[in-house]
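**Q** For reference, the file entry31.txt (compact mmCIF, C-alpha atoms) is included below:
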# COMPACT_ATOMS: atom_id res chain seq x y z
CA MET A 15 -10.66 54.67 67.32
CA LYS A 16 -9.53 51.67 65.32
CA LYS A 17 -6.49 49.85 66.62
CA VAL A 18 -4.29 48.33 63.93
CA ILE A 19 -1.34 46.02 64.50
CA VAL A 20 1.23 45.81 61.71
CA THR A 21 3.64 42.93 61.18
CA GLY A 22 6.89 43.31 59.28
CA ALA A 23 7.53 46.82 60.59
CA ASN A 24 11.16 46.84 59.42
CA GLY A 25 10.34 45.81 55.85
CA GLN A 26 9.59 48.01 52.89
CA MET A 27 5.81 48.06 53.37
CA GLY A 28 6.06 48.58 57.12
CA GLN A 29 8.39 51.54 56.69
CA ALA A 30 6.23 53.00 53.93
CA LEU A 31 3.17 52.92 56.16
CA GLN A 32 5.07 54.48 59.06
CA SER A 33 5.97 57.40 56.78
CA ILE A 34 2.30 58.30 56.25
CA VAL A 35 0.60 57.45 59.57
CA SER A 36 0.01 61.14 60.26
CA GLN A 37 -2.66 61.01 57.52
CA TYR A 38 -4.73 58.70 59.72
CA SER A 39 -5.13 60.49 63.05
CA ASN A 40 -8.21 58.42 63.90
CA VAL A 41 -6.24 55.18 63.80
CA GLN A 42 -3.88 53.82 66.43
CA PHE A 43 -1.09 51.81 64.82
CA GLU A 44 1.15 49.35 66.66
CA PHE A 45 4.18 48.23 64.63
CA PHE A 46 5.98 44.95 65.25
CA ASN A 47 9.18 43.56 63.79
CA SER A 48 9.75 39.80 63.59
CA GLU A 49 11.46 39.70 66.99
CA LEU A 50 8.40 41.13 68.72
CA LEU A 51 5.81 39.34 66.59
CA ASP A 52 6.95 36.16 64.88
CA ILE A 53 4.00 35.13 62.75
CA SER A 54 5.38 31.60 62.44
CA ASN A 55 4.84 31.24 66.20
CA TYR A 56 1.12 30.79 66.90
CA ASP A 57 1.42 31.36 70.67
CA ASN A 58 3.32 34.61 70.06
CA CYS A 59 0.49 35.79 67.79
CA VAL A 60 -2.12 34.95 70.41
CA SER A 61 -0.26 36.80 73.17
CA ILE A 62 0.06 39.97 71.04
CA PHE A 63 -3.63 39.90 70.12
CA GLU A 64 -4.62 39.37 73.75
CA LYS A 65 -2.48 42.30 74.89
CA TYR A 66 -3.30 44.85 72.19
CA LYS A 67 -6.85 43.83 71.25
CA PRO A 68 -6.69 45.07 67.63
CA ASN A 69 -9.54 45.62 65.22
CA VAL A 70 -7.29 45.08 62.22
CA CYS A 71 -4.07 43.19 61.49
CA LEU A 72 -1.96 44.32 58.52
CA ASN A 73 0.37 41.48 57.57
CA PHE A 74 3.46 42.85 55.87
CA ALA A 75 5.73 40.11 57.21
CA ALA A 76 7.00 37.96 54.36
CA TYR A 77 9.91 35.97 53.03
CA THR A 78 10.55 37.91 49.81
CA ASN A 79 13.96 36.76 48.54
CA VAL A 80 12.91 35.01 45.33
CA GLU A 81 16.35 33.53 44.68
CA LYS A 82 17.02 32.26 48.21
CA ALA A 83 13.56 30.73 48.43
CA GLU A 84 14.64 28.11 45.89
CA VAL A 85 17.19 26.75 48.38
CA GLU A 86 15.40 27.80 51.58
CA LYS A 87 12.00 26.38 50.71
CA GLU A 88 11.11 25.50 54.31
CA LYS A 89 11.85 29.05 55.51
CA ALA A 90 9.79 30.56 52.71
CA TYR A 91 6.80 28.35 53.49
CA LEU A 92 7.20 28.86 57.25
CA VAL A 93 6.68 32.61 56.92
CA ASN A 94 4.58 32.99 53.77
CA ALA A 95 2.28 30.01 54.28
CA GLU A 96 2.33 28.84 57.92
CA GLY A 97 2.68 32.40 59.22
CA SER A 98 -0.35 33.48 57.20
CA LYS A 99 -2.23 30.45 58.50
CA ASN A 100 -1.45 31.42 62.10
CA LEU A 101 -2.65 34.98 61.57
CA ALA A 102 -5.81 33.76 59.85
CA LYS A 103 -6.61 31.53 62.84
CA VAL A 104 -5.92 34.24 65.41
CA CYS A 105 -7.89 36.85 63.45
CA TRP A 106 -10.83 34.48 63.25
CA GLU A 107 -10.64 33.70 66.97
CA PHE A 108 -10.42 37.38 67.99
CA ASP A 109 -12.84 38.68 65.32
CA VAL A 110 -10.13 40.82 63.70
CA ILE A 111 -9.93 41.94 60.06
CA LEU A 112 -6.85 40.50 58.36
CA VAL A 113 -5.17 42.45 55.55
CA HIS A 114 -2.54 40.46 53.69
CA THR A 115 -0.27 41.48 50.82
CA SER A 116 0.46 38.94 48.11
CA THR A 117 2.14 38.94 44.72
CA ASP A 118 1.86 38.79 40.95
CA PHE A 119 4.21 35.80 41.15
CA VAL A 120 1.27 33.52 41.93
CA PHE A 121 0.82 33.49 38.12
CA ASP A 122 2.98 31.70 35.55
CA GLY A 123 3.35 34.63 33.14
CA GLU A 124 2.03 32.79 30.10
CA LYS A 125 -0.74 35.33 29.42
CA THR A 126 -0.30 38.37 27.20
CA GLU A 127 -3.01 40.49 28.81
CA PRO A 128 -3.48 41.57 32.44
CA TYR A 129 -4.30 38.90 35.00
CA LYS A 130 -7.75 39.12 36.52
CA ILE A 131 -8.86 38.07 40.00
CA ASN A 132 -10.47 34.87 38.72
CA ASP A 133 -7.52 33.79 36.57
CA PHE A 134 -6.06 30.47 37.67
CA PRO A 135 -2.84 30.83 39.72
CA ASN A 136 0.10 28.69 38.64
CA PRO A 137 3.33 29.82 40.31
CA ILE A 138 6.63 28.80 38.72
CA ASN A 139 8.93 29.44 41.68
CA VAL A 140 8.98 28.65 45.41
CA TYR A 141 8.32 32.24 46.44
CA GLY A 142 5.15 32.43 44.36
CA ALA A 143 4.00 28.99 45.51
CA SER A 144 4.52 29.85 49.18
CA LYS A 145 2.60 33.11 48.82
CA LEU A 146 -0.25 31.32 47.06
CA LYS A 147 -0.43 28.77 49.88
CA GLY A 148 -0.71 31.65 52.34
CA GLU A 149 -3.59 33.10 50.33
CA GLN A 150 -5.36 29.74 50.36
CA TYR A 151 -5.00 29.33 54.13
CA ILE A 152 -6.48 32.78 54.69
CA GLN A 153 -9.41 32.09 52.37
CA GLU A 154 -10.09 28.77 54.10
CA ILE A 155 -9.85 30.01 57.69
CA ALA A 156 -10.57 33.75 57.99
CA ASN A 157 -14.00 35.29 57.52
CA LYS A 158 -12.92 38.96 57.46
CA TYR A 159 -9.97 39.46 55.14
CA TYR A 160 -8.50 41.51 52.33
CA ILE A 161 -5.81 39.87 50.20
CA ILE A 162 -4.06 42.42 47.99
CA ARG A 163 -1.94 41.07 45.18
CA THR A 164 0.52 43.67 43.97
CA SER A 165 3.64 43.75 41.84
CA TRP A 166 7.20 45.06 41.56
CA VAL A 167 6.86 47.08 44.75
CA TYR A 168 9.38 49.90 45.19
CA SER A 169 9.97 52.84 47.52
CA ASP A 170 12.73 54.75 49.26
CA PHE A 171 12.66 52.11 52.00
CA GLY A 172 14.17 48.66 52.43
CA HIS A 173 15.28 46.23 49.73
CA ASN A 174 13.75 46.73 46.29
CA PHE A 175 14.73 47.13 42.65
CA LYS A 176 14.85 50.92 42.75
CA ASN A 177 17.25 51.03 45.70
CA THR A 178 19.38 48.26 44.20
CA MET A 179 19.75 50.24 40.96
CA LEU A 180 20.67 53.43 42.83
CA LYS A 181 23.25 51.53 44.88
CA LEU A 182 24.80 49.95 41.76
CA ALA A 183 25.08 53.37 40.16
CA GLN A 184 27.43 54.43 42.95
CA THR A 185 30.07 51.92 41.88
CA GLU A 186 29.28 50.95 38.27
CA ASN A 187 29.42 52.83 34.98
CA GLU A 188 27.51 50.17 33.06
CA ILE A 189 24.89 47.56 34.02
CA SER A 190 22.76 44.97 32.24
CA VAL A 191 19.05 44.48 32.95
CA VAL A 192 16.58 41.98 31.48
CA ASN A 193 14.08 43.38 28.99
CA ASP A 194 11.81 40.37 28.43
CA GLN A 195 10.01 40.26 31.78
CA ILE A 196 7.01 42.59 31.77
CA GLY A 197 5.18 43.92 34.81
CA CYS A 198 4.07 47.05 36.68
CA PRO A 199 6.21 48.94 39.19
CA THR A 200 4.04 49.83 42.19
CA ASN A 201 4.84 52.41 44.84
CA ALA A 202 4.66 50.98 48.37
CA ILE A 203 2.98 54.12 49.70
CA ASP A 204 0.26 53.75 47.07
CA VAL A 205 -0.34 50.19 48.28
CA CYS A 206 -0.63 51.41 51.89
CA GLU A 207 -3.10 54.13 50.88
CA PHE A 208 -5.14 51.61 48.90
CA ILE A 209 -5.30 49.32 51.94
CA MET A 210 -6.46 52.15 54.17
CA TYR A 211 -9.06 53.08 51.56
CA LEU A 212 -10.47 49.53 51.61
CA LEU A 213 -10.67 49.64 55.40
CA GLN A 214 -12.10 53.13 55.79
CA GLU A 215 -14.68 52.66 53.05
CA ASN A 216 -15.66 49.22 54.37
CA LYS A 217 -15.16 47.63 50.97
CA SER A 218 -16.26 44.02 50.50
CA TYR A 219 -13.90 41.43 51.92
CA GLY A 220 -11.99 39.28 49.48
CA LEU A 221 -9.17 39.27 46.94
CA TYR A 222 -7.98 42.43 45.16
CA HIS A 223 -5.38 43.33 42.53
CA PHE A 224 -3.56 46.63 42.85
CA ARG A 225 -0.62 47.85 40.73
CA GLY A 226 0.94 50.96 39.24
CA ASN A 227 -0.14 52.31 35.88
CA LYS A 228 3.13 51.85 33.98
CA ILE A 229 3.56 48.57 32.11
CA CYS A 230 7.22 48.01 31.34
CA SER A 231 10.23 45.70 31.47
CA TRP A 232 12.83 45.69 34.22
CA TYR A 233 15.14 47.39 31.70
CA ASP A 234 12.59 50.16 31.11
CA PHE A 235 12.13 50.56 34.85
CA ALA A 236 15.89 50.86 35.43
CA VAL A 237 16.23 53.49 32.70
CA SER A 238 13.38 55.54 34.22
CA ILE A 239 14.94 55.33 37.71
CA PHE A 240 18.25 56.73 36.47
CA LYS A 241 16.53 59.41 34.42
CA GLU A 242 14.43 60.60 37.38
CA ASN A 243 17.53 60.78 39.55
CA ASN A 244 19.72 62.47 36.90
CA ILE A 245 22.18 59.60 36.89
CA ASN A 246 24.31 59.01 33.82
CA ILE A 247 24.94 55.28 33.48
CA LYS A 248 24.89 52.92 30.51
CA VAL A 249 22.08 50.34 30.75
CA ASN A 250 22.23 47.31 28.47
CA ALA A 251 19.07 45.36 27.63
CA ILE A 252 19.57 41.59 27.84
CA ALA A 253 17.38 38.50 27.62
CA SER A 254 16.52 36.49 30.73
CA SER A 255 18.45 33.59 29.21
CA GLU A 256 21.62 35.69 29.49
CA TYR A 257 21.12 36.23 33.22
CA SER A 258 21.48 33.04 35.24
CA THR A 259 19.09 32.65 38.19
CA LYS A 260 17.90 29.81 40.40
CA ALA A 261 14.27 30.92 40.27
CA GLN A 262 12.13 31.20 37.17
CA ARG A 263 10.31 34.50 36.75
CA PRO A 264 7.01 35.10 34.94
CA LYS A 265 7.54 36.64 31.51
CA TYR A 266 4.37 38.69 31.87
CA SER A 267 2.84 39.42 35.27
CA VAL A 268 0.71 42.51 34.71
CA LEU A 269 -2.33 42.58 37.02
CA GLU A 270 -5.69 44.07 36.18
CA ASN A 271 -6.64 46.55 38.90
CA SER A 272 -9.75 45.54 40.82
CA LEU A 273 -10.91 49.09 41.51
CA GLU A 274 -10.63 52.50 39.89
CA ASP A 275 -7.15 53.97 39.64
CA ILE A 276 -7.51 56.43 42.50
CA PHE A 277 -4.04 56.17 44.02
CA ILE A 278 -1.93 55.11 41.09
CA ARG A 279 1.04 57.17 40.02
For the structure just supplied, provide its representation as structure tokens.
**A**
Amino acid sequence: MKKVIVTGANGQMGQALQSIVSQYSNVQFEFFNSELLDISNYDNCVSIFEKYKPNVCLNFAAYTNVEKAEVEKEKAYLVNAEGSKNLAKVCWEFDVILVHTSTDFVFDGEKTEPYKINDFPNPINVYGASKLKGEQYIQEIANKYYIIRTSWVYSDFGHNFKNTMLKLAQTENEISVVNDQIGCPTNAIDVCEFIMYLLQENKSYGLYHFRGNKICSWYDFAVSIFKENNINIKVNAIASSEYSTKAQRPKYSVLENSLEDIFIR
């Protein structure tokens, strides 16, 4: 039986995986929140690996608040970069496979066609830069790793665009959403199933892109969310320039899937 430890158990990805663990009866999962496993603390990582002796580490722990990262740069880098570095070191030392989720925000959004694995990263905000640094540490240190870049992740769990829209609809009759940022909404459960596929099929280690099959704007995504949930609310399409933010966002961050679309909805 494979033993898998999972960081970030309370986050969206961690909760999504917990909802489908019954599909993997041959795998023993151990879930850890940041209080039990603080990836920014190297000694804490070592002690957990010594105690549980995993075969695989799924790293879902991340600093994901794109806006706050602009003013909390050190915190973002501590988790997304230094935390990834710690896990890469411990996984190398204990001969453990590291699976790490990354983001479309490692790209600048200047392309007009899907980003490929070998396209040059050029993040335009702190969040993207910190996630890219984490990728680089893993590639430098670990010898058994999967880095999965994904985009616009949503689910019924945790903080994400879908849940934010549904919450706003409880109090608002009209909202405005930007229509000039293009990407691909990706279901968190699909990402988890893709990860388990890579592991169970012993796919080659390295960097992968995985995203949903719908290319759209945030405005389009919001409209589809309300339609699917039979919610009647007025949605106004606005330009990014009309919506003030601290962090720049890529105008176009569509990823090209690395493998066949076997889990995409």
**Q** What lies within 6 Å of segment 106-115 of chain A using only C-alpha atoms, ignoring chain neighbours under 3 positions off, as a list of chain:residue names?
**A**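 In the requested format, the answer is A:Asn69, A:Val70, A:Cys71, A:Leu72, A:Asn73, A:Lys103, A:Ala156, A:Lys158, A:Tyr159, A:Tyr160, A:Ile161, A:Ile162, A:Arg163.
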**Q** Around (-1.0, 51.0, 40.8) in the file's frame, which residues reach within 12 Å when counting all atoms listed in the file? Return as a VMD selection string?
**A** chain A and resid 162 to 168 197 to 208 222 to 229 268 to 279
**Q** Write to file, as a compact mmCIF listing (two decimals), in the frame of the given file, the residues of the selection just made, with C-alpha atoms.
**A**
# COMPACT_ATOMS: atom_id res chain seq x y z
CA ILE A 162 -4.06 42.42 47.99
CA ARG A 163 -1.94 41.07 45.18
CA THR A 164 0.52 43.67 43.97
CA SER A 165 3.64 43.75 41.84
CA TRP A 166 7.20 45.06 41.56
CA VAL A 167 6.86 47.08 44.75
CA TYR A 168 9.38 49.90 45.19
CA GLY A 197 5.18 43.92 34.81
CA CYS A 198 4.07 47.05 36.68
CA PRO A 199 6.21 48.94 39.19
CA THR A 200 4.04 49.83 42.19
CA ASN A 201 4.84 52.41 44.84
CA ALA A 202 4.66 50.98 48.37
CA ILE A 203 2.98 54.12 49.70
CA ASP A 204 0.26 53.75 47.07
CA VAL A 205 -0.34 50.19 48.28
CA CYS A 206 -0.63 51.41 51.89
CA GLU A 207 -3.10 54.13 50.88
CA PHE A 208 -5.14 51.61 48.90
CA TYR A 222 -7.98 42.43 45.16
CA HIS A 223 -5.38 43.33 42.53
CA PHE A 224 -3.56 46.63 42.85
CA ARG A 225 -0.62 47.85 40.73
CA GLY A 226 0.94 50.96 39.24
CA ASN A 227 -0.14 52.31 35.88
CA LYS A 228 3.13 51.85 33.98
CA ILE A 229 3.56 48.57 32.11
CA VAL A 268 0.71 42.51 34.71
CA LEU A 269 -2.33 42.58 37.02
CA GLU A 270 -5.69 44.07 36.18
CA ASN A 271 -6.64 46.55 38.90
CA SER A 272 -9.75 45.54 40.82
CA LEU A 273 -10.91 49.09 41.51
CA GLU A 274 -10.63 52.50 39.89
CA ASP A 275 -7.15 53.97 39.64
CA ILE A 276 -7.51 56.43 42.50
CA PHE A 277 -4.04 56.17 44.02
CA ILE A 278 -1.93 55.11 41.09
CA ARG A 279 1.04 57.17 40.02
**Q** For atom CA of Ala261 of chain A and atom CA of Asn94 of chain A, determine how far apart the two atoms are, in Å to one decimal place.
**A** 16.7 Å
**Q** Please compute the atom CA of Asn187 of chain A-atom CA of Ala253 of chain A distance, one decimal, in Å.
**A** 20.1 Å
**Q** For Ala95 of chain A, please output as a PDB file with C-alpha atoms, in the frame of the given file all residues within 8 Å (counting all atoms listed in the file; exclusion window: fewer than 3 positions along the same chain).
**A**
ATOM      1  CA  ALA A  90       9.790  30.560  52.710  1.00  0.00           C
ATOM      2  CA  TYR A  91       6.800  28.350  53.490  1.00  0.00           C
ATOM      3  CA  LEU A  92       7.200  28.860  57.250  1.00  0.00           C
ATOM      4  CA  SER A  98      -0.350  33.480  57.200  1.00  0.00           C
ATOM      5  CA  LYS A  99      -2.230  30.450  58.500  1.00  0.00           C
ATOM      6  CA  SER A 144       4.520  29.850  49.180  1.00  0.00           C
ATOM      7  CA  LYS A 145       2.600  33.110  48.820  1.00  0.00           C
ATOM      8  CA  LEU A 146      -0.250  31.320  47.060  1.00  0.00           C
ATOM      9  CA  LYS A 147      -0.430  28.770  49.880  1.00  0.00           C
ATOM     10  CA  GLY A 148      -0.710  31.650  52.340  1.00  0.00           C
ATOM     11  CA  GLU A 149      -3.590  33.100  50.330  1.00  0.00           C
ATOM     12  CA  TYR A 151      -5.000  29.330  54.130  1.00  0.00           C
TER      13      TYR A 151
END
**Q** Would you place a box with edges along x, y and z of the file around all atoms of segment 151-157 of chain A listed there, add 5 Å to each of its six sides, and report the centre and edge lengths in Å to one decimal, as lines of an AutoDock Vina configuration file?
**A**
center_x = -9.5
center_y = 32.0
center_z = 55.2
size_x = 19.0
size_y = 16.5
size_z = 15.6
**Q** Point out the residue among A:Thr126, A:Asn132, A:Asn100, A:Asn216 with the least atom-to-atom distance to Lys265 of chain A, counting only C-alpha atoms.
**A** A:Thr126
**Q** Atom CA of Glu127 of chain A to atom CA of Tyr266 of chain A: how many Å, to one decimal?
**A**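 According to the coordinates, atom CA of Glu127 of chain A and atom CA of Tyr266 of chain A are separated by 8.2 Å.
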**Q** Select, counting all atoms listed in the file, all protein, DNA and RNA residues no farther than 10 Å from (19.4, 32.3, 39.4) in file coordinates, and express the selection as a list in words.
**A**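 Here the neighbourhood of the point contains Val80, Glu81, Lys82, Glu84, Tyr257, Ser258, Thr259, Lys260, Ala261, Gln262 and Arg263 of chain A.
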**Q** Which of these, A:Phe235, A:Leu101, A:Lys181, A:Phe171, has the shortest distance to Val60 of chain A once you count all atoms listed in the file?
**A**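 Of the candidates, the smallest distance to Val60 of chain A is held by A:Leu101.
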**Q** Can you tell me, as a list in words, what residues are no more than 9 Å from Asp234 of chain A when counting all atoms listed in the file, ignoring any on the same chain fewer than 3 positions away?
**A**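 The contact residues come out as Val191, Asn193, Cys230, Ser231, Val237, Ser238, Ile239 and Ala251 of chain A.
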**Q** Could you model all heavy atoms for segment 101-112 of chain A and present them as a PDB file, keeping the file's coordinate frame?
**A**
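Okay, this is what ended up in selection.pdb:
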ATOM      1  N   LEU A 101      -1.939  33.712  61.462  1.00  0.00           N
ATOM      2  CA  LEU A 101      -2.650  34.980  61.570  1.00  0.00           C
ATOM      3  C   LEU A 101      -4.123  34.822  61.217  1.00  0.00           C
ATOM      4  O   LEU A 101      -4.996  35.440  61.848  1.00  0.00           O
ATOM      5  CB  LEU A 101      -2.009  36.029  60.665  1.00  0.00           C
ATOM      6  CG  LEU A 101      -0.670  36.605  61.129  1.00  0.00           C
ATOM      7  CD1 LEU A 101      -0.137  37.598  60.110  1.00  0.00           C
ATOM      8  CD2 LEU A 101      -0.788  37.278  62.499  1.00  0.00           C
ATOM      9  N   ALA A 102      -4.413  33.996  60.216  1.00  0.00           N
ATOM     10  CA  ALA A 102      -5.810  33.760  59.850  1.00  0.00           C
ATOM     11  C   ALA A 102      -6.581  33.145  61.008  1.00  0.00           C
ATOM     12  O   ALA A 102      -7.718  33.546  61.307  1.00  0.00           O
ATOM     13  CB  ALA A 102      -5.881  32.846  58.623  1.00  0.00           C
ATOM     14  N   LYS A 103      -5.963  32.186  61.700  1.00  0.00           N
ATOM     15  CA  LYS A 103      -6.610  31.530  62.840  1.00  0.00           C
ATOM     16  C   LYS A 103      -6.842  32.518  63.984  1.00  0.00           C
ATOM     17  O   LYS A 103      -7.930  32.571  64.566  1.00  0.00           O
ATOM     18  CB  LYS A 103      -5.739  30.366  63.325  1.00  0.00           C
ATOM     19  CG  LYS A 103      -5.717  29.171  62.389  1.00  0.00           C
ATOM     20  CD  LYS A 103      -4.641  28.166  62.760  1.00  0.00           C
ATOM     21  CE  LYS A 103      -4.893  27.513  64.107  1.00  0.00           C
ATOM     22  NZ  LYS A 103      -3.853  26.487  64.415  1.00  0.00           N
ATOM     23  N   VAL A 104      -5.810  33.301  64.292  1.00  0.00           N
ATOM     24  CA  VAL A 104      -5.920  34.240  65.410  1.00  0.00           C
ATOM     25  C   VAL A 104      -6.929  35.347  65.079  1.00  0.00           C
ATOM     26  O   VAL A 104      -7.724  35.741  65.939  1.00  0.00           O
ATOM     27  CB  VAL A 104      -4.536  34.843  65.753  1.00  0.00           C
ATOM     28  CG1 VAL A 104      -4.674  35.877  66.854  1.00  0.00           C
ATOM     29  CG2 VAL A 104      -3.578  33.749  66.187  1.00  0.00           C
ATOM     30  N   CYS A 105      -6.926  35.815  63.841  1.00  0.00           N
ATOM     31  CA  CYS A 105      -7.890  36.850  63.450  1.00  0.00           C
ATOM     32  C   CYS A 105      -9.317  36.322  63.525  1.00  0.00           C
ATOM     33  O   CYS A 105     -10.235  37.040  63.937  1.00  0.00           O
ATOM     34  CB  CYS A 105      -7.585  37.362  62.036  1.00  0.00           C
ATOM     35  SG  CYS A 105      -6.171  38.484  61.957  1.00  0.00           S
ATOM     36  N   TRP A 106      -9.502  35.080  63.156  1.00  0.00           N
ATOM     37  CA  TRP A 106     -10.830  34.480  63.250  1.00  0.00           C
ATOM     38  C   TRP A 106     -11.259  34.352  64.713  1.00  0.00           C
ATOM     39  O   TRP A 106     -12.384  34.683  65.073  1.00  0.00           O
ATOM     40  CB  TRP A 106     -10.834  33.102  62.592  1.00  0.00           C
ATOM     41  CG  TRP A 106     -12.178  32.447  62.596  1.00  0.00           C
ATOM     42  CD1 TRP A 106     -13.200  32.646  61.709  1.00  0.00           C
ATOM     43  CD2 TRP A 106     -12.661  31.507  63.562  1.00  0.00           C
ATOM     44  NE1 TRP A 106     -14.289  31.875  62.056  1.00  0.00           N
ATOM     45  CE2 TRP A 106     -13.987  31.171  63.188  1.00  0.00           C
ATOM     46  CE3 TRP A 106     -12.110  30.918  64.699  1.00  0.00           C
ATOM     47  CZ2 TRP A 106     -14.758  30.267  63.920  1.00  0.00           C
ATOM     48  CZ3 TRP A 106     -12.875  30.019  65.428  1.00  0.00           C
ATOM     49  CH2 TRP A 106     -14.182  29.701  65.035  1.00  0.00           C
ATOM     50  N   GLU A 107     -10.328  33.909  65.548  1.00  0.00           N
ATOM     51  CA  GLU A 107     -10.640  33.700  66.970  1.00  0.00           C
ATOM     52  C   GLU A 107     -10.940  35.017  67.690  1.00  0.00           C
ATOM     53  O   GLU A 107     -11.793  35.059  68.577  1.00  0.00           O
ATOM     54  CB  GLU A 107      -9.464  32.995  67.652  1.00  0.00           C
ATOM     55  CG  GLU A 107      -9.289  31.535  67.206  1.00  0.00           C
ATOM     56  CD  GLU A 107      -7.932  30.968  67.601  1.00  0.00           C
ATOM     57  OE1 GLU A 107      -7.193  31.647  68.347  1.00  0.00           O
ATOM     58  OE2 GLU A 107      -7.617  29.846  67.156  1.00  0.00           O
ATOM     59  N   PHE A 108     -10.259  36.094  67.301  1.00  0.00           N
ATOM     60  CA  PHE A 108     -10.420  37.380  67.990  1.00  0.00           C
ATOM     61  C   PHE A 108     -11.327  38.344  67.220  1.00  0.00           C
ATOM     62  O   PHE A 108     -11.447  39.498  67.597  1.00  0.00           O
ATOM     63  CB  PHE A 108      -9.048  38.032  68.225  1.00  0.00           C
ATOM     64  CG  PHE A 108      -8.230  37.398  69.312  1.00  0.00           C
ATOM     65  CD1 PHE A 108      -7.495  36.244  69.077  1.00  0.00           C
ATOM     66  CD2 PHE A 108      -8.207  37.949  70.589  1.00  0.00           C
ATOM     67  CE1 PHE A 108      -6.733  35.655  70.074  1.00  0.00           C
ATOM     68  CE2 PHE A 108      -7.453  37.374  71.598  1.00  0.00           C
ATOM     69  CZ  PHE A 108      -6.716  36.208  71.347  1.00  0.00           C
ATOM     70  N   ASP A 109     -11.938  37.868  66.148  1.00  0.00           N
ATOM     71  CA  ASP A 109     -12.840  38.680  65.320  1.00  0.00           C
ATOM     72  C   ASP A 109     -12.132  39.945  64.815  1.00  0.00           C
ATOM     73  O   ASP A 109     -12.615  41.072  64.972  1.00  0.00           O
ATOM     74  CB  ASP A 109     -14.098  39.062  66.102  1.00  0.00           C
ATOM     75  CG  ASP A 109     -15.189  39.639  65.199  1.00  0.00           C
ATOM     76  OD1 ASP A 109     -15.239  39.258  64.024  1.00  0.00           O
ATOM     77  OD2 ASP A 109     -15.974  40.478  65.684  1.00  0.00           O
ATOM     78  N   VAL A 110     -10.977  39.741  64.203  1.00  0.00           N
ATOM     79  CA  VAL A 110     -10.130  40.820  63.700  1.00  0.00           C
ATOM     80  C   VAL A 110     -10.073  40.746  62.172  1.00  0.00           C
ATOM     81  O   VAL A 110     -10.007  39.660  61.594  1.00  0.00           O
ATOM     82  CB  VAL A 110      -8.711  40.714  64.298  1.00  0.00           C
ATOM     83  CG1 VAL A 110      -7.743  41.682  63.621  1.00  0.00           C
ATOM     84  CG2 VAL A 110      -8.754  40.957  65.799  1.00  0.00           C
ATOM     85  N   ILE A 111     -10.084  41.890  61.517  1.00  0.00           N
ATOM     86  CA  ILE A 111      -9.930  41.940  60.060  1.00  0.00           C
ATOM     87  C   ILE A 111      -8.471  41.715  59.711  1.00  0.00           C
ATOM     88  O   ILE A 111      -7.580  42.381  60.240  1.00  0.00           O
ATOM     89  CB  ILE A 111     -10.385  43.303  59.504  1.00  0.00           C
ATOM     90  CG1 ILE A 111     -11.865  43.556  59.812  1.00  0.00           C
ATOM     91  CG2 ILE A 111     -10.134  43.385  57.999  1.00  0.00           C
ATOM     92  CD1 ILE A 111     -12.303  44.990  59.532  1.00  0.00           C
ATOM     93  N   LEU A 112      -8.214  40.779  58.812  1.00  0.00           N
ATOM     94  CA  LEU A 112      -6.850  40.500  58.360  1.00  0.00           C
ATOM     95  C   LEU A 112      -6.629  41.104  56.971  1.00  0.00           C
ATOM     96  O   LEU A 112      -7.402  40.853  56.042  1.00  0.00           O
ATOM     97  CB  LEU A 112      -6.604  38.994  58.308  1.00  0.00           C
ATOM     98  CG  LEU A 112      -5.245  38.537  57.735  1.00  0.00           C
ATOM     99  CD1 LEU A 112      -4.086  39.118  58.532  1.00  0.00           C
ATOM    100  CD2 LEU A 112      -5.166  37.006  57.699  1.00  0.00           C
TER     101      LEU A 112
END
